[in-house]
>>> print(open('entry08.txt').read())   # compact mmCIF, C-alpha atoms
# COMPACT_ATOMS: atom_id res chain seq x y z
CA MET A 1 315.11 62.47 -59.75
CA THR A 2 318.83 63.23 -59.95
CA LEU A 3 318.32 66.15 -62.40
CA GLY A 4 321.70 65.52 -64.00
CA LEU A 5 323.71 65.60 -60.76
CA SER A 6 326.98 63.67 -60.61
CA PRO A 7 327.68 61.01 -57.95
CA ASP A 8 329.90 63.51 -56.09
CA GLU A 9 327.15 66.14 -56.14
CA LEU A 10 324.56 63.62 -54.95
CA ALA A 11 326.87 62.59 -52.09
CA LEU A 12 327.32 66.23 -51.07
CA GLN A 13 323.57 66.78 -51.22
CA ALA A 14 322.94 63.72 -49.02
CA ARG A 15 325.54 64.88 -46.48
CA ALA A 16 323.96 68.35 -46.35
CA ARG A 17 320.48 66.81 -45.93
CA GLU A 18 321.63 64.70 -42.99
CA PHE A 19 323.30 67.74 -41.37
CA SER A 20 320.18 69.85 -41.89
CA GLN A 21 317.85 67.30 -40.35
CA SER A 22 320.04 66.33 -37.39
CA VAL A 23 321.79 69.61 -36.48
CA VAL A 24 319.84 72.53 -37.94
CA ARG A 25 316.17 71.51 -37.74
CA PRO A 26 316.08 71.10 -33.94
CA ARG A 27 317.34 74.71 -33.61
CA GLY A 28 315.38 76.40 -36.40
CA ALA A 29 312.35 77.60 -34.46
CA ALA A 30 314.42 78.76 -31.47
CA ILE A 31 316.74 80.82 -33.70
CA ASP A 32 313.76 82.72 -35.08
CA ARG A 33 312.05 83.08 -31.71
CA GLU A 34 315.13 84.30 -29.81
CA GLU A 35 316.30 86.63 -32.61
CA GLN A 36 319.92 85.73 -31.89
CA TYR A 37 322.61 84.95 -34.42
CA PRO A 38 323.28 81.17 -34.21
CA TRP A 39 326.98 80.99 -33.42
CA ASP A 40 326.63 77.31 -32.51
CA ILE A 41 325.33 76.57 -36.01
CA VAL A 42 328.16 78.60 -37.50
CA ARG A 43 330.72 76.47 -35.66
CA ALA A 44 328.97 73.28 -36.82
CA LEU A 45 328.90 74.52 -40.44
CA THR A 46 332.60 75.36 -40.24
CA ASP A 47 333.49 71.95 -38.82
CA ALA A 48 331.41 70.26 -41.55
CA LYS A 49 333.23 72.37 -44.21
CA PHE A 50 330.06 73.95 -45.56
CA VAL A 51 331.63 77.43 -45.47
CA GLY A 52 334.24 78.64 -47.94
CA MET A 53 333.47 75.79 -50.33
CA THR A 54 333.96 78.01 -53.41
CA ILE A 55 337.28 79.44 -52.22
CA PRO A 56 340.09 78.08 -54.43
CA LEU A 57 342.33 75.34 -53.06
CA GLU A 58 345.39 77.59 -52.97
CA TYR A 59 343.68 79.78 -50.37
CA GLY A 60 342.54 76.90 -48.16
CA GLY A 61 339.10 76.34 -49.69
CA GLN A 62 337.68 73.36 -51.56
CA GLY A 63 337.41 74.87 -55.04
CA ARG A 64 333.81 73.72 -55.38
CA SER A 65 331.30 75.07 -57.88
CA PHE A 66 328.28 77.28 -57.31
CA LEU A 67 326.09 74.27 -58.06
CA ASP A 68 327.63 72.47 -55.07
CA THR A 69 326.75 75.49 -52.94
CA VAL A 70 323.18 75.56 -54.27
CA LEU A 71 322.71 71.92 -53.26
CA VAL A 72 323.78 72.68 -49.68
CA ILE A 73 321.73 75.90 -49.46
CA GLU A 74 318.51 74.15 -50.46
CA GLU A 75 318.88 71.49 -47.78
CA MET A 76 319.61 74.10 -45.08
CA ALA A 77 316.67 76.27 -46.16
CA LYS A 78 314.30 73.35 -45.62
CA SER A 79 315.10 73.57 -41.91
CA CYS A 80 316.23 77.14 -41.18
CA THR A 81 316.43 80.19 -43.44
CA VAL A 82 319.06 81.92 -41.30
CA THR A 83 321.39 78.92 -41.66
CA ALA A 84 320.76 78.93 -45.42
CA ARG A 85 321.68 82.61 -45.63
CA ILE A 86 324.91 81.95 -43.74
CA VAL A 87 325.83 79.29 -46.31
CA VAL A 88 324.98 81.71 -49.14
CA GLU A 89 327.17 84.51 -47.86
CA THR A 90 330.14 82.38 -46.86
CA ASN A 91 330.30 80.93 -50.39
CA MET A 92 328.82 83.56 -52.71
CA GLY A 93 328.41 87.32 -53.00
CA ALA A 94 331.19 89.30 -51.33
CA ILE A 95 333.65 86.41 -51.17
CA SER A 96 333.04 85.67 -54.87
CA THR A 97 333.76 89.31 -55.70
CA VAL A 98 337.03 89.28 -53.76
CA MET A 99 338.12 86.02 -55.40
CA ALA A 100 337.27 87.42 -58.84
CA TYR A 101 338.98 90.83 -58.60
CA GLY A 102 341.00 90.94 -55.39
CA GLY A 103 344.74 91.05 -55.08
CA GLU A 104 346.74 88.27 -53.49
CA ALA A 105 346.73 89.84 -50.01
CA GLN A 106 343.00 90.61 -50.25
CA LYS A 107 342.15 87.04 -51.24
CA ARG A 108 344.19 85.53 -48.44
CA ARG A 109 342.73 87.85 -45.81
CA ALA A 110 339.15 87.26 -46.97
CA ALA A 111 339.69 83.48 -47.16
CA GLU A 112 341.16 83.43 -43.65
CA LEU A 113 338.11 85.19 -42.18
CA VAL A 114 335.49 83.18 -44.06
CA LEU A 115 337.09 79.81 -43.36
CA SER A 116 337.07 80.68 -39.67
CA GLY A 117 333.28 81.17 -39.83
CA ASP A 118 332.88 84.87 -40.62
CA LYS A 119 329.93 85.84 -42.81
CA PRO A 120 331.06 88.81 -44.96
CA ALA A 121 328.77 91.83 -45.24
CA ILE A 122 328.39 93.69 -48.52
CA CYS A 123 327.51 97.36 -48.10
CA ILE A 124 325.66 98.92 -51.05
CA THR A 125 322.21 100.12 -49.95
CA GLU A 126 321.93 103.58 -48.37
CA PRO A 127 319.08 105.25 -46.42
CA ASP A 128 318.25 107.52 -49.37
CA ALA A 129 319.54 105.33 -52.17
CA GLY A 130 318.27 101.77 -52.30
CA SER A 131 319.33 100.01 -55.48
CA ASP A 132 319.93 103.35 -57.25
CA ALA A 133 323.70 103.40 -57.57
CA ALA A 134 323.59 106.82 -59.21
CA ALA A 135 322.25 108.29 -55.96
CA MET A 136 325.01 106.77 -53.79
CA THR A 137 326.52 109.41 -51.48
CA THR A 138 329.12 107.41 -49.50
CA ARG A 139 332.50 108.62 -50.70
CA ALA A 140 336.09 107.44 -50.51
CA ASP A 141 338.70 110.21 -50.80
CA LYS A 142 342.26 109.33 -51.68
CA ARG A 143 344.77 110.75 -49.21
CA GLY A 144 348.25 109.46 -49.77
CA ASP A 145 348.28 105.68 -49.43
CA VAL A 146 344.82 105.43 -47.81
CA TYR A 147 341.21 106.07 -48.73
CA VAL A 148 339.06 107.91 -46.20
CA ILE A 149 335.44 106.75 -46.30
CA ASN A 150 332.46 108.74 -45.01
CA GLY A 151 328.76 107.89 -45.35
CA ARG A 152 325.98 105.55 -44.22
CA LYS A 153 324.71 102.17 -45.36
CA HIS A 154 321.33 100.67 -44.55
CA TRP A 155 319.81 97.16 -44.45
CA ILE A 156 323.23 95.56 -44.19
CA THR A 157 322.79 91.82 -43.61
CA GLY A 158 325.01 90.72 -40.76
CA GLY A 159 325.50 94.22 -39.38
CA GLY A 160 327.04 93.78 -35.95
CA VAL A 161 328.10 90.13 -36.42
CA SER A 162 330.10 90.28 -39.66
CA ARG A 163 333.78 91.18 -39.49
CA LEU A 164 334.69 91.48 -43.18
CA HIS A 165 332.88 94.31 -44.96
CA LEU A 166 332.92 95.04 -48.69
CA ILE A 167 331.96 98.73 -48.89
CA PHE A 168 330.86 100.39 -52.13
CA ALA A 169 331.62 104.09 -52.36
CA ARG A 170 332.20 106.88 -54.85
CA VAL A 171 335.94 107.31 -55.36
CA TYR A 172 337.65 110.72 -55.53
CA ASP A 173 341.30 111.36 -56.23
CA GLU A 174 343.48 113.80 -54.31
CA ARG A 175 342.35 116.65 -56.57
CA GLY A 176 338.70 115.99 -55.76
CA GLU A 177 337.80 114.56 -59.16
CA GLU A 178 335.36 111.65 -59.17
CA LEU A 179 336.77 108.43 -60.61
CA GLY A 180 333.74 106.14 -60.35
CA ILE A 181 332.48 103.58 -57.85
CA GLY A 182 334.79 101.11 -56.15
CA GLY A 183 334.79 98.47 -53.45
CA PHE A 184 336.85 98.61 -50.25
CA LEU A 185 337.60 95.89 -47.71
CA ALA A 186 337.42 96.76 -44.03
CA VAL A 187 337.45 94.49 -40.98
CA ARG A 188 335.31 95.44 -38.00
CA ASP A 189 337.26 95.92 -34.76
CA GLU A 190 340.41 96.49 -36.79
CA ALA A 191 339.31 99.55 -38.75
CA LYS A 192 338.52 102.69 -36.75
CA GLY A 193 335.51 104.61 -37.98
CA LEU A 194 333.10 101.71 -38.71
CA ARG A 195 330.12 101.86 -36.38
CA VAL A 196 326.82 99.93 -36.15
CA VAL A 197 324.10 102.55 -35.63
CA ARG A 198 321.10 100.29 -35.02
CA ARG A 199 319.49 96.99 -35.83
CA GLU A 200 316.26 96.92 -37.82
CA PRO A 201 313.37 94.73 -36.63
CA THR A 202 312.26 92.19 -39.25
CA MET A 203 309.25 89.92 -39.78
CA GLY A 204 311.29 86.90 -40.84
CA LEU A 205 314.93 85.77 -40.74
CA ARG A 206 314.95 87.25 -37.26
CA GLY A 207 318.13 85.45 -36.26
CA MET A 208 320.05 87.38 -38.94
CA PRO A 209 320.62 91.05 -37.99
CA GLU A 210 319.87 93.76 -40.54
CA GLY A 211 321.66 96.92 -39.51
CA GLU A 212 322.52 100.48 -40.38
CA LEU A 213 326.22 101.28 -40.51
CA GLU A 214 328.03 104.61 -40.31
CA PHE A 215 331.51 105.31 -41.66
CA GLU A 216 333.20 108.32 -40.14
CA ASP A 217 336.70 109.00 -41.42
CA LEU A 218 337.17 105.25 -41.94
CA GLU A 219 340.72 104.79 -43.24
CA VAL A 220 341.21 101.89 -45.64
CA PRO A 221 344.70 101.20 -47.04
CA ALA A 222 344.94 101.59 -50.82
CA ALA A 223 346.00 97.94 -50.93
CA MET A 224 342.49 97.02 -49.71
CA ALA A 225 340.74 98.79 -52.60
CA LEU A 226 339.02 96.28 -54.89
CA VAL A 227 339.76 97.49 -58.41
CA PRO A 228 338.57 95.38 -61.37
CA PRO A 229 340.57 95.42 -64.64
CA SER A 230 338.28 98.12 -66.09
CA GLY A 231 339.16 100.48 -63.24
CA PHE A 232 336.87 102.61 -61.09
CA ARG A 233 335.05 104.15 -64.06
CA ARG A 234 333.27 100.91 -64.89
CA GLY A 235 334.13 99.18 -61.66
CA PHE A 236 330.61 99.08 -60.25
CA ALA A 237 329.30 97.00 -63.16
CA ASP A 238 332.20 94.55 -62.94
CA LEU A 239 331.91 94.19 -59.17
CA MET A 240 328.17 93.57 -59.43
CA ASN A 241 328.73 90.93 -62.11
CA ALA A 242 330.95 89.04 -59.69
CA TYR A 243 328.39 89.59 -56.95
CA ASN A 244 325.60 88.04 -59.05
CA SER A 245 326.24 84.62 -57.56
CA GLN A 246 324.52 86.00 -54.45
CA ARG A 247 321.29 86.31 -56.45
CA VAL A 248 321.42 82.61 -57.30
CA GLY A 249 321.90 81.88 -53.61
CA ALA A 250 318.97 84.08 -52.58
CA GLY A 251 316.72 82.34 -55.11
CA THR A 252 317.84 78.98 -53.76
CA VAL A 253 316.87 80.00 -50.22
CA ALA A 254 313.34 80.76 -51.44
CA MET A 255 313.21 77.49 -53.36
CA GLY A 256 314.46 75.56 -50.33
CA ILE A 257 311.74 77.08 -48.16
CA ALA A 258 309.16 75.91 -50.69
CA ALA A 259 310.74 72.44 -50.80
CA GLY A 260 310.61 72.19 -47.02
CA ALA A 261 306.97 73.30 -47.01
CA LEU A 262 306.11 70.65 -49.60
CA ASP A 263 307.84 67.97 -47.51
CA HIS A 264 305.75 69.01 -44.51
CA ALA A 265 302.58 69.01 -46.61
CA VAL A 266 303.22 65.50 -47.93
CA ASP A 267 303.95 64.17 -44.44
CA TRP A 268 300.77 65.80 -43.10
CA THR A 269 298.55 64.34 -45.80
CA LYS A 270 299.90 60.88 -45.01
CA SER A 271 299.23 61.16 -41.28
CA ARG A 272 295.98 63.18 -41.25
CA GLU A 273 292.87 61.01 -41.63
CA GLN A 274 289.34 61.97 -42.62
CA PHE A 275 286.41 59.70 -43.49
CA GLY A 276 288.40 56.71 -42.33
CA ARG A 277 291.46 57.12 -44.54
CA PRO A 278 294.53 59.41 -45.00
CA ILE A 279 293.70 62.62 -46.83
CA ALA A 280 296.58 61.83 -49.20
CA GLU A 281 294.20 59.41 -50.92
CA PHE A 282 291.84 62.21 -51.98
CA GLN A 283 292.38 63.11 -55.60
CA GLY A 284 291.83 66.83 -55.10
CA LEU A 285 294.75 67.04 -52.66
CA GLN A 286 296.89 64.88 -54.95
CA TRP A 287 296.35 67.42 -57.72
CA MET A 288 297.44 70.24 -55.42
CA LEU A 289 300.59 68.39 -54.36
CA ALA A 290 301.40 67.50 -57.98
CA ASP A 291 301.10 71.17 -58.99
CA MET A 292 303.39 72.17 -56.11
CA GLN A 293 306.00 69.61 -57.14
CA THR A 294 305.82 70.73 -60.78
CA GLN A 295 306.47 74.37 -59.90
CA LEU A 296 309.19 73.41 -57.44
CA THR A 297 311.00 71.25 -60.01
CA ALA A 298 310.82 74.06 -62.57
CA ALA A 299 312.36 76.50 -60.08
CA ARG A 300 315.04 73.96 -59.13
CA LEU A 301 316.00 73.37 -62.77
CA MET A 302 316.30 77.10 -63.43
CA LEU A 303 318.53 77.58 -60.38
CA TYR A 304 320.67 74.58 -61.31
CA ALA A 305 321.10 76.02 -64.81
CA ALA A 306 322.10 79.41 -63.40
CA ALA A 307 324.57 77.82 -60.97
CA ARG A 308 326.05 75.64 -63.72
CA SER A 309 326.73 78.72 -65.87
CA ARG A 310 329.84 79.35 -63.77
CA GLY A 311 332.37 76.80 -62.67
CA PRO A 312 334.66 76.73 -59.62
CA GLY A 313 336.09 80.12 -58.78
CA GLY A 314 333.72 81.84 -61.21
CA SER A 315 335.35 80.23 -64.25
CA SER A 316 333.39 79.13 -67.28
CA PRO A 317 332.35 75.49 -66.84
CA PRO A 318 333.60 72.85 -69.31
CA ARG A 319 331.14 72.21 -72.09
CA ARG A 320 329.47 68.84 -72.05
CA ARG A 321 329.12 67.21 -75.47
CA SER A 322 326.66 64.44 -76.02
CA ALA A 323 328.00 61.15 -77.37
CA SER A 324 325.34 61.25 -80.08
CA SER A 325 326.04 64.83 -81.14
CA THR A 326 326.39 65.49 -84.85
CA THR A 327 329.85 66.44 -86.14
CA ARG A 328 331.07 67.90 -89.40
CA CYS A 329 333.38 66.07 -91.75
CA ARG A 330 336.79 67.67 -92.10
CA CYS A 331 337.53 66.34 -95.58
CA LEU A 332 338.24 69.00 -98.18
CA VAL A 333 335.70 67.67 -100.67
CA HIS A 334 332.86 66.84 -98.27
CA ALA A 335 333.47 69.56 -95.69
CA GLY A 336 329.75 70.14 -95.37
CA THR A 337 328.78 66.49 -94.87
CA ARG A 338 327.25 65.73 -91.47
CA ALA A 339 327.98 62.42 -89.80
CA THR A 340 325.71 60.51 -87.48
CA SER A 341 325.80 57.02 -86.05
CA ARG A 342 322.83 56.04 -88.24
CA SER A 343 324.87 56.56 -91.41
CA SER A 344 327.98 54.71 -90.25
CA ALA A 345 327.01 51.55 -92.17
CA TRP A 346 327.98 53.09 -95.47
CA ARG A 347 330.34 55.89 -94.46
CA ALA A 348 334.07 55.30 -94.23
CA THR A 349 336.44 55.93 -91.36
CA CYS A 350 338.07 59.36 -91.58
CA ALA A 351 341.54 60.13 -90.27
CA CYS A 352 340.69 63.83 -89.90
CA SER A 353 339.85 63.26 -86.26
CA PRO A 354 341.65 65.42 -83.68
CA SER A 355 344.94 64.01 -82.47
CA GLY A 356 344.45 61.36 -79.83
CA ALA A 357 340.74 60.90 -80.55
CA ALA A 358 339.03 57.94 -82.13
CA PRO A 359 338.59 58.24 -85.93
CA ARG A 360 335.25 59.65 -87.02
CA ARG A 361 333.06 57.75 -89.46
CA CYS A 362 332.16 60.73 -91.54
CA CYS A 363 333.64 60.61 -95.08
CA ALA A 364 331.39 59.39 -97.87
CA PRO A 365 332.96 56.36 -99.64
CA SER A 366 332.26 57.94 -103.00
CA SER A 367 334.51 60.89 -102.22
CA PRO A 368 338.05 60.99 -103.62
CA GLN A 369 340.81 60.22 -101.18
CA ARG A 370 341.45 63.88 -100.50
CA CYS A 371 341.53 64.38 -96.75
CA SER A 372 343.07 67.19 -94.74
CA ALA A 373 344.95 64.51 -92.80
CA GLY A 374 345.98 62.84 -96.05
CA ASN A 375 344.32 59.52 -95.36
CA CYS A 376 340.67 58.47 -95.80
CA ARG A 377 340.27 54.72 -95.30
CA ARG A 378 337.29 53.05 -96.95
CA PRO A 379 335.69 49.76 -95.96
CA ALA A 380 336.23 46.87 -98.38
CA THR A 381 332.49 46.66 -99.04
CA ALA A 382 332.05 50.32 -99.79
CA THR A 383 329.95 51.19 -102.83
CA SER A 384 329.74 54.34 -104.86
CA ARG A 385 326.52 55.38 -103.13
CA PRO A 386 324.57 54.48 -100.01
CA PRO A 387 322.19 51.52 -100.12
CA PRO A 388 318.66 52.61 -100.96
CA GLY A 389 316.45 53.34 -98.00
CA PRO A 390 312.83 52.23 -97.77
CA TRP A 391 311.67 55.61 -99.08
CA GLN A 392 313.81 55.09 -102.20
CA ARG A 393 312.34 51.67 -103.02
CA SER A 394 308.85 53.05 -103.47
CA LYS A 395 307.38 53.64 -106.90
CA ALA A 396 307.06 57.35 -106.25
CA PRO A 397 310.10 58.43 -104.20
CA TYR A 398 310.36 61.92 -102.85
CA LEU A 399 312.12 64.37 -105.16
CA PRO A 400 312.98 67.68 -103.52
CA ARG A 401 312.37 71.02 -105.16
CA VAL A 402 315.45 72.47 -106.82
CA ARG A 403 315.95 76.22 -106.42
CA GLY A 404 312.23 76.88 -106.14
CA ARG A 405 311.17 74.85 -109.22
CA SER A 406 308.75 71.97 -108.90
CA ALA A 407 309.73 68.46 -109.99
CA PRO A 408 308.75 67.40 -113.53
CA ARG A 409 305.11 66.32 -113.66
CA SER A 410 305.51 62.89 -115.25
CA GLY A 411 304.21 59.57 -114.00
CA ALA A 412 301.26 58.81 -111.76
CA GLY A 413 300.38 59.75 -108.23
CA TRP A 414 302.06 63.04 -107.24
CA GLY A 415 303.48 63.54 -110.73
CA LEU A 416 306.94 62.25 -109.73
CA PRO A 417 309.14 59.99 -111.88
CA SER A 418 308.92 56.33 -111.05
CA ALA A 419 312.63 55.58 -111.46
CA ASN A 420 314.63 55.00 -108.28
CA LEU A 421 316.96 57.80 -107.32
>>> encode(input="entry08.txt", output="structure tokens")
Amino acid sequence: MTLGLSPDELALQARAREFSQSVVRPRGAAIDREEQYPWDIVRALTDAKFVGMTIPLEYGGQGRSFLDTVLVIEEMAKSCTVTARIVVETNMGAISTVMAYGGEAQKRRAAELVLSGDKPAICITEPDAGSDAAAMTTRADKRGDVYVINGRKHWITGGGVSRLHLIFARVYDERGEELGIGGFLAVRDEAKGLRVVRREPTMGLRGMPEGELEFEDLEVPAAMALVPPSGFRRGFADLMNAYNSQRVGAGTVAMGIAAGALDHAVDWTKSREQFGRPIAEFQGLQWMLADMQTQLTAARLMLYAAARSRGPGGSSPPRRRSASSTTRCRCLVHAGTRATSRSSAWRATCACSPSGAAPRRCCAPSSPQRCSAGNCRRPATATSRPPPGPWQRSKAPYLPRVRGRSAPRSGAGWGLPSANL
């Protein structure tokens, strides 16, 4: 099933699948066992141009959509979840936020780091404030042309390996008045005051470090403050809206894991034999596999729909109109008439069509030649009314109710008149 994917998207998906099976899968188990960040995979992803795909062309990226990224993430997650997370965070999340609200210098700096293989880290969660933004204590105080950040962040994905950090903090002006919550860009090893406190042990995704970070008098230039158009007061909501692409990526990782598990299950049922035949021939197992595929396809469709809701660079995607969609007539007299291909046999060609488009067959021939474009052309065989349909040739044609009143009760059958309408 192509699920509505274009030839270009299918080609990208096939390329990602081949990369996953030949490069990533042989390393997947070792990455988890050794608990080491896979720099070799990062270099391979960079060379294959699977990082920075959503970065606009003017900043060195490919200008691809979130759906393109979802297709790559799923294929990587079938082989290695750490690799899938790297693809997520080099195409979504923090980099999407910078591209949505960052200044020119911020975008170019972030693009440079990501395209070189850096996985940005977004710093929101705190030891005493998980997803509760109101309880955030990390603060950024304005002092001249810099912001001084102090606080701690916890469960930061990529802590210790990421260079670019997007730090959320409460913003205070030079008088000590709180302005709201803002985002600040800092680069590890370039910014003094950013320290990795410790790495947390995890049950899964063990090749991806989860760390606790401490900011002690971390100075960030005011030019590196990420300020959305609504300012700091409502900045947190705007920044999180741009960050929402990360949620689509995280869901795709989970879906890709399930897809990989189903692939393994199908292969196993074909090779495992019991009672002299492959267990794939047993109906009970076929039902189980069919249920798995149904749920997986439903999840895939939902994620595709979410990814399609935003186009390249976070823009709204172009609307797709079906060739058979119903349109409204633009004529002054019959402005409410709907046109469909089924009625084109008796409807005339209307010149009200948009400039450069093919004329619509939507004006009733019986209408006066009063068109907003000044020209309604009728076929030579046009009549004053449409030819009777099969329902109109019957002895008791349907007569609709008029303003709540029943049709006159004359004639036989349903009490409808026998004359053709």
>>> residues_near_point(input="entry08.txt", point="(329.7, 84.0, -32.2)", cutoff="8 Å", atoms="only C-alpha atoms", output="list in words")
Tyr37, Pro38, Trp39, Asp40, Val42 and Val161 of chain A
>>> closest_residue(input="entry08.txt", among="A:Glu177, A:Glu9, A:Asp118, A:Asp128", to="Val70 in chain A", atoms="only C-alpha atoms")
A:Glu9
>>> atom_distance(input="entry08.txt", atom1="CA of Thr138 in chain A", atom2="CA of Arg152 in chain A")
6.4 Å
>>> closest_residue(input="entry08.txt", among="A:Ala140, A:Ala133, A:Met240, A:Ile55", to="Phe215 in chain A", atoms="only C-alpha atoms")
A:Ala140
>>> residues_around(input="entry08.txt", residues="range 182-193 of chain A", least_positions_apart="3", cutoff="9 Å", atoms="all atoms listed in the file", output="NGL selection string")
:A and (98 or 106 or 110 or 140 or 147 or 149-150 or 160 or 162-171 or 179 or 214-222 or 224-228 or 231-236 or 239)
>>> closest_residue(input="entry08.txt", among="A:Ser20, A:Thr46, A:Gln62, A:Thr54", to="Asn91 in chain A", atoms="all atoms listed in the file")
A:Thr54
>>> closest_residue(input="entry08.txt", among="A:Ala77, A:Ala121, A:Val197, A:Met292", to="Ala94 in chain A", atoms="all atoms listed in the file")
A:Ala121
>>> atom_distance(input="entry08.txt", atom1="CA of Ala29 in chain A", atom2="CA of Arg272 in chain A")
22.8 Å
>>> residues_around(input="entry08.txt", residues="range 253-257 of chain A", least_positions_apart="2", cutoff="9 Å", atoms="only C-alpha atoms", output="JSON, numbers by chain")
{"A": [70, 73, 74, 75, 76, 77, 78, 79, 80, 81, 84, 85, 88, 248, 249, 250, 251, 259, 260, 261, 262, 296, 299, 300, 303]}
>>> atom_distance(input="entry08.txt", atom1="CA of Ile181 in chain A", atom2="CA of Ala242 in chain A")
14.7 Å
>>> closest_residue(input="entry08.txt", among="A:Thr252, A:Trp155, A:Leu57, A:Lys142", to="Val72 in chain A", atoms="all atoms listed in the file")
A:Thr252
>>> decode(input="entry08.txt", residues="range 250-264 of chain A", atoms="N, CA and C atoms", output="PDB file, in the first residue's frame")
ATOM      1  N   ALA A 250       8.360  11.444  17.737  1.00  0.00           N
ATOM      2  CA  ALA A 250       8.381  10.453  18.810  1.00  0.00           C
ATOM      3  C   ALA A 250       7.341   9.364  18.568  1.00  0.00           C
ATOM      4  N   GLY A 251       6.157   9.755  18.095  1.00  0.00           N
ATOM      5  CA  GLY A 251       5.139   8.770  17.774  1.00  0.00           C
ATOM      6  C   GLY A 251       5.571   7.858  16.639  1.00  0.00           C
ATOM      7  N   THR A 252       6.315   8.426  15.680  1.00  0.00           N
ATOM      8  CA  THR A 252       6.783   7.623  14.553  1.00  0.00           C
ATOM      9  C   THR A 252       7.828   6.607  15.002  1.00  0.00           C
ATOM     10  N   VAL A 253       8.660   6.973  15.973  1.00  0.00           N
ATOM     11  CA  VAL A 253       9.630   6.009  16.505  1.00  0.00           C
ATOM     12  C   VAL A 253       8.900   4.803  17.081  1.00  0.00           C
ATOM     13  N   ALA A 254       7.861   5.059  17.878  1.00  0.00           N
ATOM     14  CA  ALA A 254       7.089   3.958  18.461  1.00  0.00           C
ATOM     15  C   ALA A 254       6.430   3.119  17.368  1.00  0.00           C
ATOM     16  N   MET A 255       5.874   3.783  16.368  1.00  0.00           N
ATOM     17  CA  MET A 255       5.241   3.055  15.274  1.00  0.00           C
ATOM     18  C   MET A 255       6.260   2.231  14.487  1.00  0.00           C
ATOM     19  N   GLY A 256       7.454   2.787  14.286  1.00  0.00           N
ATOM     20  CA  GLY A 256       8.496   2.057  13.576  1.00  0.00           C
ATOM     21  C   GLY A 256       8.966   0.832  14.330  1.00  0.00           C
ATOM     22  N   ILE A 257       9.035   0.938  15.655  1.00  0.00           N
ATOM     23  CA  ILE A 257       9.383  -0.238  16.462  1.00  0.00           C
ATOM     24  C   ILE A 257       8.348  -1.335  16.262  1.00  0.00           C
ATOM     25  N   ALA A 258       7.075  -0.947  16.287  1.00  0.00           N
ATOM     26  CA  ALA A 258       6.003  -1.929  16.074  1.00  0.00           C
ATOM     27  C   ALA A 258       6.080  -2.528  14.672  1.00  0.00           C
ATOM     28  N   ALA A 259       6.386  -1.715  13.674  1.00  0.00           N
ATOM     29  CA  ALA A 259       6.500  -2.216  12.306  1.00  0.00           C
ATOM     30  C   ALA A 259       7.655  -3.206  12.179  1.00  0.00           C
ATOM     31  N   GLY A 260       8.777  -2.897  12.830  1.00  0.00           N
ATOM     32  CA  GLY A 260       9.895  -3.826  12.813  1.00  0.00           C
ATOM     33  C   GLY A 260       9.568  -5.130  13.507  1.00  0.00           C
ATOM     34  N   ALA A 261       8.833  -5.042  14.633  1.00  0.00           N
ATOM     35  CA  ALA A 261       8.440  -6.254  15.348  1.00  0.00           C
ATOM     36  C   ALA A 261       7.510  -7.116  14.499  1.00  0.00           C
ATOM     37  N   LEU A 262       6.595  -6.468  13.768  1.00  0.00           N
ATOM     38  CA  LEU A 262       5.687  -7.223  12.903  1.00  0.00           C
ATOM     39  C   LEU A 262       6.458  -7.902  11.776  1.00  0.00           C
ATOM     40  N   ASP A 263       7.447  -7.210  11.205  1.00  0.00           N
ATOM     41  CA  ASP A 263       8.269  -7.825  10.162  1.00  0.00           C
ATOM     42  C   ASP A 263       8.974  -9.077  10.688  1.00  0.00           C
ATOM     43  N   HIS A 264       9.509  -8.980  11.904  1.00  0.00           N
ATOM     44  CA  HIS A 264      10.166 -10.141  12.508  1.00  0.00           C
ATOM     45  C   HIS A 264       9.171 -11.264  12.744  1.00  0.00           C
TER      46      HIS A 264
END
